[in-house]
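Enquirer: Supplied structure: coords.txt, compact mmCIF, C-alpha atoms.
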# COMPACT_ATOMS: atom_id res chain seq x y z
CA MET A 215 -1.87 -76.15 107.51
CA ILE A 216 -5.48 -76.03 106.44
CA LYS A 217 -5.67 -72.65 108.07
CA LEU A 218 -2.67 -71.46 106.12
CA PHE A 219 -4.29 -72.44 102.88
CA SER A 220 -7.52 -70.71 103.76
CA LEU A 221 -5.46 -67.64 104.62
CA LYS A 222 -3.83 -67.73 101.23
CA GLN A 223 -7.23 -68.07 99.67
CA GLN A 224 -8.49 -65.06 101.62
CA LYS A 225 -5.56 -63.01 100.42
CA LYS A 226 -6.30 -64.01 96.85
CA ASP A 227 -9.93 -63.08 97.30
CA GLY A 228 -8.91 -59.72 98.69
CA GLU A 229 -6.76 -59.10 95.67
CA SER A 230 -9.29 -59.87 93.00
CA GLY A 231 -11.94 -57.35 92.13
CA PRO A 232 -11.15 -53.77 91.24
CA GLU A 233 -7.46 -53.93 92.06
CA ARG A 234 -6.60 -57.19 90.38
CA GLY A 235 -2.95 -58.00 90.61
CA LYS A 236 -2.23 -55.18 93.00
CA LYS A 237 -1.66 -56.17 96.62
CA SER A 238 -4.08 -54.57 99.07
CA SER A 239 -2.38 -52.20 101.48
CA ALA A 240 -2.22 -52.87 105.21
CA ALA A 241 -4.78 -50.13 105.74
CA GLN A 242 -7.16 -51.70 103.22
CA LEU A 243 -6.81 -55.15 104.75
CA ARG A 244 -7.47 -53.80 108.18
CA ILE A 245 -10.42 -51.61 107.20
CA GLN A 246 -11.99 -54.55 105.41
CA LYS A 247 -11.96 -56.45 108.69
CA ASP A 248 -13.32 -53.46 110.57
CA ILE A 249 -16.20 -53.14 108.11
CA ASN A 250 -16.96 -56.87 108.15
CA GLU A 251 -17.12 -56.79 111.93
CA LEU A 252 -19.21 -53.63 112.19
CA ASN A 253 -21.89 -54.04 114.79
CA LEU A 254 -23.98 -50.93 114.49
CA PRO A 255 -26.46 -49.67 117.03
CA LYS A 256 -29.90 -49.22 115.48
CA THR A 257 -29.42 -45.45 115.45
CA CYS A 258 -26.44 -45.62 113.06
CA GLN A 259 -25.93 -46.54 109.46
CA VAL A 260 -22.93 -46.53 107.17
CA GLU A 261 -22.97 -45.58 103.48
CA PHE A 262 -20.32 -46.13 100.87
CA ALA A 263 -20.48 -43.76 97.91
CA ASP A 264 -18.12 -46.10 96.04
CA PRO A 265 -18.48 -49.69 97.24
CA ASP A 266 -14.96 -50.46 96.02
CA ASP A 267 -13.48 -47.73 98.20
CA LEU A 268 -13.67 -48.78 101.82
CA LEU A 269 -11.38 -45.94 102.90
CA ASN A 270 -13.99 -43.21 102.44
CA PHE A 271 -17.50 -43.49 103.74
CA LYS A 272 -20.26 -41.73 105.61
CA LEU A 273 -21.87 -42.47 108.93
CA ILE A 274 -25.41 -41.31 109.66
CA ILE A 275 -26.50 -41.05 113.28
CA CYS A 276 -30.16 -40.55 114.19
CA PRO A 277 -30.23 -40.41 118.00
CA ASP A 278 -33.39 -41.89 119.54
CA GLU A 279 -32.95 -40.26 122.94
CA GLY A 280 -31.34 -37.26 124.58
CA PHE A 281 -31.12 -33.62 123.44
CA TYR A 282 -30.62 -34.63 119.80
CA ARG A 283 -33.52 -37.09 119.48
CA ASN A 284 -34.97 -37.19 115.96
CA GLY A 285 -32.03 -35.34 114.45
CA ARG A 286 -30.05 -36.75 111.55
CA PHE A 287 -26.31 -36.13 111.52
CA VAL A 288 -23.89 -37.11 108.77
CA PHE A 289 -20.19 -37.73 109.42
CA SER A 290 -17.52 -38.30 106.80
CA PHE A 291 -14.76 -40.80 107.52
CA LYS A 292 -11.43 -40.68 105.71
CA VAL A 293 -9.07 -43.55 106.40
CA PHE A 294 -5.44 -43.03 105.43
CA GLN A 295 -2.64 -45.43 104.59
CA GLY A 296 -1.27 -45.10 108.13
CA TYR A 297 -4.38 -46.78 109.54
CA PRO A 298 -4.60 -48.34 112.12
CA HIS A 299 -1.52 -46.56 113.48
CA ASP A 300 -3.13 -43.21 112.72
CA PRO A 301 -6.81 -42.59 113.44
CA PRO A 302 -9.21 -41.82 110.58
CA LYS A 303 -10.19 -38.21 109.96
CA VAL A 304 -13.79 -37.69 110.96
CA LYS A 305 -15.81 -34.58 110.21
CA CYS A 306 -19.41 -33.72 110.89
CA GLU A 307 -21.04 -32.61 107.65
CA THR A 308 -24.27 -31.51 109.30
CA ARG A 309 -23.98 -28.19 111.04
CA VAL A 310 -24.89 -28.85 114.64
CA TYR A 311 -25.22 -26.87 117.85
CA HIS A 312 -23.06 -29.05 120.08
CA PRO A 313 -20.36 -28.27 122.67
CA ASN A 314 -17.93 -30.82 121.23
CA ILE A 315 -18.46 -30.15 117.51
CA ASP A 316 -17.54 -26.79 116.04
CA LEU A 317 -19.36 -25.02 113.22
CA ASP A 318 -16.80 -26.28 110.69
CA GLY A 319 -17.58 -29.86 111.64
CA ASN A 320 -14.45 -30.61 113.65
CA VAL A 321 -15.18 -33.18 116.31
CA CYS A 322 -13.61 -33.26 119.75
CA LEU A 323 -13.47 -36.91 120.73
CA ASN A 324 -10.46 -38.21 122.65
CA ILE A 325 -10.11 -41.44 120.67
CA LEU A 326 -9.89 -39.47 117.42
CA ARG A 327 -6.80 -37.69 118.74
CA GLU A 328 -4.60 -38.22 121.76
CA ASP A 329 -6.20 -41.42 122.98
CA TRP A 330 -6.28 -43.24 119.65
CA LYS A 331 -4.61 -46.65 119.67
CA PRO A 332 -4.47 -49.19 116.87
CA VAL A 333 -6.47 -51.84 118.70
CA LEU A 334 -9.48 -49.54 118.39
CA ALA A 335 -11.62 -49.94 115.29
CA ILE A 336 -14.22 -48.03 113.29
CA ASN A 337 -16.86 -49.48 115.60
CA SER A 338 -15.20 -47.84 118.63
CA ILE A 339 -15.36 -44.45 116.92
CA ILE A 340 -19.00 -44.91 115.98
CA TYR A 341 -19.88 -45.68 119.58
CA GLY A 342 -17.83 -42.68 120.69
CA LEU A 343 -19.73 -40.38 118.34
CA GLN A 344 -23.08 -41.78 119.37
CA TYR A 345 -22.10 -41.16 122.99
CA LEU A 346 -21.32 -37.50 122.22
CA PHE A 347 -24.96 -37.03 121.22
CA LEU A 348 -26.26 -38.72 124.35
CA GLU A 349 -23.86 -36.97 126.72
CA PRO A 350 -22.50 -33.72 125.29
CA ASN A 351 -19.51 -32.80 127.41
CA PRO A 352 -19.18 -29.10 128.35
CA GLU A 353 -15.81 -29.69 130.05
CA ASP A 354 -13.87 -29.94 126.83
CA PRO A 355 -15.63 -27.67 124.34
CA LEU A 356 -15.01 -26.80 120.70
CA ASN A 357 -18.14 -24.65 120.59
CA LYS A 358 -17.61 -22.61 123.75
CA GLU A 359 -20.92 -20.75 123.55
CA ALA A 360 -22.91 -23.98 123.41
CA ALA A 361 -20.84 -25.39 126.27
CA GLU A 362 -21.49 -22.34 128.45
CA VAL A 363 -25.22 -22.54 127.84
CA LEU A 364 -25.25 -26.27 128.62
CA GLN A 365 -23.42 -25.63 131.87
CA SER A 366 -25.45 -22.64 133.00
CA ASN A 367 -28.96 -23.38 131.72
CA ARG A 368 -29.89 -26.86 130.50
CA ARG A 369 -33.42 -25.74 129.59
CA LEU A 370 -32.09 -23.03 127.29
CA PHE A 371 -29.56 -25.45 125.83
CA GLU A 372 -32.34 -27.89 125.02
CA GLN A 373 -34.35 -25.10 123.38
CA ASN A 374 -31.33 -24.00 121.34
CA VAL A 375 -30.71 -27.56 120.17
CA ASN A 376 -34.33 -27.91 119.11
CA LYS A 377 -34.26 -24.56 117.33
CA SER A 378 -31.10 -25.50 115.45
CA MET A 379 -32.48 -28.90 114.41
CA ARG A 380 -35.72 -27.37 113.15
CA GLY A 381 -33.64 -24.98 111.08
CA GLY A 382 -33.05 -21.38 112.07
CA HIS A 383 -30.78 -19.04 113.95
CA VAL A 384 -29.23 -19.62 117.35
CA GLY A 385 -27.65 -16.28 118.16
CA SER A 386 -26.12 -15.14 114.91
CA VAL A 387 -25.47 -18.64 113.57
CA TYR A 388 -27.77 -20.22 111.03
CA PHE A 389 -28.48 -23.96 111.11
CA ASP A 390 -30.08 -26.00 108.35
CA ARG A 391 -32.98 -28.21 109.28
CA CYS A 392 -31.73 -31.68 110.20
CA LEU A 393 -34.78 -33.41 111.68
CA LYS A 394 -35.34 -36.78 110.07
CA MET B 222 10.87 -104.71 110.66
CA LYS B 223 12.66 -103.05 107.87
CA VAL B 224 10.94 -100.29 106.02
CA LYS B 225 11.98 -99.35 102.56
CA ILE B 226 10.90 -96.12 101.00
CA LYS B 227 10.44 -96.76 97.37
CA SER B 228 9.83 -93.49 95.66
CA ASN B 229 10.27 -89.78 96.30
CA TRP B 230 8.67 -88.56 99.44
CA THR B 231 7.86 -85.20 100.89
CA ALA B 232 7.82 -84.39 104.58
CA VAL B 233 5.04 -82.19 105.86
CA ALA B 234 4.99 -80.50 109.23
CA SER B 235 2.67 -77.99 110.81
CA TRP B 236 3.36 -75.36 113.41
CA ARG B 237 1.62 -72.54 115.16
CA TRP B 238 2.39 -69.75 117.55
CA ILE B 239 1.19 -70.25 121.08
CA ALA B 240 -0.47 -67.00 121.96
CA ASN B 241 -3.42 -66.12 124.17
CA ASP B 242 -5.37 -64.81 121.21
CA GLU B 243 -6.11 -65.70 117.60
CA ASN B 244 -5.41 -62.35 115.96
CA CYS B 245 -2.97 -59.51 116.38
CA GLY B 246 -4.88 -56.61 117.93
CA ILE B 247 -3.13 -54.07 115.74
CA CYS B 248 -3.42 -55.47 112.20
CA ARG B 249 -6.16 -58.00 113.09
CA MET B 250 -4.41 -60.62 110.98
CA PRO B 251 -4.20 -64.11 112.49
CA PHE B 252 -1.07 -64.74 114.53
CA ASP B 253 -0.55 -67.86 112.43
CA GLY B 254 -0.36 -65.59 109.42
CA CYS B 255 2.01 -62.67 109.22
CA CYS B 256 1.69 -58.93 109.55
CA PRO B 257 0.43 -57.14 106.43
CA ASP B 258 3.94 -55.98 105.52
CA CYS B 259 5.36 -59.52 105.33
CA LYS B 260 4.78 -62.23 102.79
CA LEU B 261 5.32 -65.40 104.79
CA PRO B 262 4.51 -66.32 108.35
CA GLY B 263 7.25 -67.78 110.53
CA ASP B 264 10.46 -66.64 112.14
CA ASP B 265 10.75 -63.58 109.90
CA CYS B 266 7.53 -62.17 111.31
CA PRO B 267 7.59 -63.27 114.94
CA LEU B 268 5.31 -62.47 117.83
CA VAL B 269 6.45 -60.54 120.87
CA TRP B 270 4.98 -60.25 124.32
CA GLY B 271 4.93 -57.29 126.63
CA GLN B 272 5.30 -57.55 130.38
CA CYS B 273 1.60 -56.77 130.52
CA SER B 274 1.13 -60.15 128.76
CA HIS B 275 -0.30 -58.67 125.57
CA CYS B 276 1.04 -60.05 122.34
CA PHE B 277 1.47 -58.59 118.83
CA HIS B 278 3.38 -59.14 115.63
CA ILE B 279 6.78 -57.57 116.29
CA HIS B 280 6.48 -55.38 113.20
CA CYS B 281 3.10 -54.07 114.28
CA ILE B 282 4.08 -53.17 117.84
CA VAL B 283 7.43 -51.64 116.85
CA LYS B 284 5.70 -49.45 114.28
CA TRP B 285 3.27 -48.32 116.96
CA LEU B 286 5.96 -47.69 119.59
CA ASN B 287 7.99 -45.67 117.09
CA SER B 288 5.01 -43.42 116.44
CA GLN B 289 4.65 -42.65 120.16
CA GLN B 290 6.49 -39.54 121.16
CA VAL B 291 6.31 -39.43 124.92
CA HIS B 292 5.35 -42.67 126.60
CA GLN B 293 5.48 -46.06 125.01
CA LEU B 294 2.27 -47.70 126.07
CA CYS B 295 0.69 -51.03 125.24
CA PRO B 296 -2.11 -50.29 122.77
CA MET B 297 -4.31 -52.82 124.52
CA CYS B 298 -4.08 -51.81 128.18
CA ARG B 299 -2.12 -48.50 128.10
CA GLN B 300 0.43 -49.78 130.61
CA GLU B 301 4.01 -48.87 129.88
CA TRP B 302 5.25 -51.25 127.19
CA LYS B 303 8.24 -53.38 128.15
CA PHE B 304 9.28 -56.34 126.09
CA LYS B 305 9.04 -59.58 128.01
CA GLU B 306 12.36 -61.37 127.92
Represent the structure from my file as structure tokens, please.
Expert:
Amino acid sequence: MIKLFSLKQQKKDGESGPERGKKSSAAQLRIQKDINELNLPKTCQVEFADPDDLLNFKLIICPDEGFYRNGRFVFSFKVFQGYPHDPPKVKCETRVYHPNIDLDGNVCLNILREDWKPVLAINSIIYGLQYLFLEPNPEDPLNKEAAEVLQSNRRLFEQNVNKSMRGGHVGSVYFDRCLK
Amino acid sequence: MKVKIKSNWTAVASWRWIANDENCGICRMPFDGCCPDCKLPGDDCPLVWGQCSHCFHIHCIVKWLNSQQVHQLCPMCRQEWKFKE
């Protein structure tokens, strides 16, 4: 019974604030829990442009090992009303030379598409993205050129990554500097 | 001994679902609460179990199963979802 009352209280608390009187949607309730329970690795941080809008935010990953060490990569997260039944839309806003991220910022990560399930949370996606930087996967590429180089010549791939992060051309593609 | 109740009285009872977890894995609301689409916990927002032993609010799991086109899998363990009788 006590628990029930505290639940009611929580609901009330959730309702007050910017949307007074309006019931929070299922997606908002769930994302609130996801954000409260975020357990970020030290290489990741989350930024809310509007602290009252938990459905849109940015994730910044600064890998401390691997090919992308010392880079700084920004991802935008858009959570829709279908959450957690539908995965959030995640895009990479930093142009990056990476087999699993194309030049428009689309990200190829299984749990963002076919393998999404509603018991996963924002934290699972963050760990997935961090893993992409530690272990780029040439088997399932969005940037086929980068994938081919990674498969055929790891040295050259490493050089290309470094060149792109320092800012400059890799082949005909220009990359902005993204070293932190 | 005879007991006489003098004035108005109110009975209070408590209940809870017996599940192997505190919260529904889909909506993350407590099982003793209800799914986010319902107002009151209780028989109108019951829990269901799959044969894989995982448990969810019925509304949450049905919504998920309906969104699955090919296979209906438990969102926890990805085994085929079959309701436990």
Enquirer: Need the shell around Glu328 in chain A: protein/DNA/RNA residues with any atom at most 12 Å away, counting only C-alpha atoms. Skip same-chain ones fewer than 5 positions apart. Format as a JSON list (two decimals) with C-alpha atoms, in the coordinates of the input?
Expert:
[["chain", "number", "residue", "atom", "x", "y", "z"],
["A", 300, "ASP", "CA", -3.13, -43.21, 112.72],
["A", 301, "PRO", "CA", -6.81, -42.59, 113.44],
["A", 322, "CYS", "CA", -13.61, -33.26, 119.75],
["A", 323, "LEU", "CA", -13.47, -36.91, 120.73],
["B", 289, "GLN", "CA", 4.65, -42.65, 120.16],
["B", 290, "GLN", "CA", 6.49, -39.54, 121.16],
["B", 291, "VAL", "CA", 6.31, -39.43, 124.92],
["B", 292, "HIS", "CA", 5.35, -42.67, 126.60]]
Enquirer: Residues near His280 in chain B, anyone? I mean within 9 Å using only C-alpha atoms, not counting same-chain ones fewer than 3 positions away, as a list of chain:residue names.
Expert: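 The neighbour list is B:Cys256, B:Asp258, B:Cys259, B:Cys266, B:Pro267, B:Leu268, B:Phe277, B:Val283, B:Lys284, B:Trp285.
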Enquirer: Would you output that residue set with C-alpha atoms, as a PDB file, in the frame of the given file?
Expert:
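Writing the result to out-v9.pdb gives the following:
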ATOM      1  CA  CYS B 256       1.690 -58.930 109.550  1.00  0.00           C
ATOM      2  CA  ASP B 258       3.940 -55.980 105.520  1.00  0.00           C
ATOM      3  CA  CYS B 259       5.360 -59.520 105.330  1.00  0.00           C
ATOM      4  CA  CYS B 266       7.530 -62.170 111.310  1.00  0.00           C
ATOM      5  CA  PRO B 267       7.590 -63.270 114.940  1.00  0.00           C
ATOM      6  CA  LEU B 268       5.310 -62.470 117.830  1.00  0.00           C
ATOM      7  CA  PHE B 277       1.470 -58.590 118.830  1.00  0.00           C
ATOM      8  CA  VAL B 283       7.430 -51.640 116.850  1.00  0.00           C
ATOM      9  CA  LYS B 284       5.700 -49.450 114.280  1.00  0.00           C
ATOM     10  CA  TRP B 285       3.270 -48.320 116.960  1.00  0.00           C
TER      11      TRP B 285
END
Enquirer: Give me, as a ChimeraX atom specification, the residues of chain A touching chain B, with the criterion being at most 6 Å (counting all atoms listed in the file).
Expert: /A:215,240,244,331-333
Enquirer: May I have the selected residues written with C-alpha atoms, as an mmCIF file, in the frame of the given file?
Expert:
data_model
loop_
_atom_site.group_PDB
_atom_site.id
_atom_site.type_symbol
_atom_site.label_atom_id
_atom_site.label_comp_id
_atom_site.auth_asym_id
_atom_site.auth_seq_id
_atom_site.Cartn_x
_atom_site.Cartn_y
_atom_site.Cartn_z
ATOM 1 C CA MET A 215 -1.870 -76.150 107.510
ATOM 2 C CA ALA A 240 -2.220 -52.870 105.210
ATOM 3 C CA ARG A 244 -7.470 -53.800 108.180
ATOM 4 C CA LYS A 331 -4.610 -46.650 119.670
ATOM 5 C CA PRO A 332 -4.470 -49.190 116.870
ATOM 6 C CA VAL A 333 -6.470 -51.840 118.700
#
Enquirer: Draw an axis-aligned box over all listed atoms of range 346-361 of chain A, pad each side with 5 Å, and write its centre and edge lengths in Å, one decimal, as JSON.
Expert:
{"center_x": -20.1, "center_y": -29.7, "center_z": 125.3, "size_x": 22.4, "size_y": 28.0, "size_z": 19.5}
Enquirer: As an exercise, work out the distance from CA of Ala241 in chain A to CA of Leu254 in chain A in Å and give it to one decimal place.
Expert: 21.1 Å
Enquirer: Expressed in Å to a single decimal, how great is the separation between CA of Gly263 in chain B and CA of Ala240 in chain B?
Expert: 13.8 Å
Enquirer: Would you mind telling me which residue in B:Asn287, B:His278, B:Ser228, B:Gln293 lies nearest to Asn244 in chain B when using all atoms listed in the file?
Expert: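 Using all atoms listed in the file, Asn244 in chain B sits closest to B:His278.
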Enquirer: For range 273-286 of chain A, list every protein, DNA or RNA residue within 7 Å, evaluated using all atoms listed in the file, and leave out those in the same chain fewer than 5 positions away; present the list as a PyMOL selection string.
Expert: chain A and resi 257-261+347-348+372+375+379+392-394
Enquirer: I'd like the neighbourhood of range 351-364 of chain A as a VMD selection string, where a residue qualifies if any of its atoms comes within 7 Å (using all atoms listed in the file), though same-chain residues fewer than 3 positions away should be ignored.
Expert: chain A and resid 311 to 316 322 367 to 368 370 to 371
Enquirer: Between CA of Cys273 in chain B and CA of Leu261 in chain B, what is the distance, to one decimal in Å?
Expert: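 According to the coordinates, CA of Cys273 in chain B and CA of Leu261 in chain B are separated by 27.4 Å.
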Enquirer: Can you list, as number ranges by chain, every protein, DNA or RNA residue that comes within 6 Å of Phe289 in chain A when you count all atoms listed in the file, leaving out same-chain residues fewer than 4 positions away?
Expert: A: 272-273, 305-307
Enquirer: Write out the residues from the selection above, keeping C-alpha atoms, as a compact mmCIF listing (two decimals), keeping the file's coordinate frame.
Expert:
# COMPACT_ATOMS: atom_id res chain seq x y z
CA LYS A 272 -20.26 -41.73 105.61
CA LEU A 273 -21.87 -42.47 108.93
CA LYS A 305 -15.81 -34.58 110.21
CA CYS A 306 -19.41 -33.72 110.89
CA GLU A 307 -21.04 -32.61 107.65
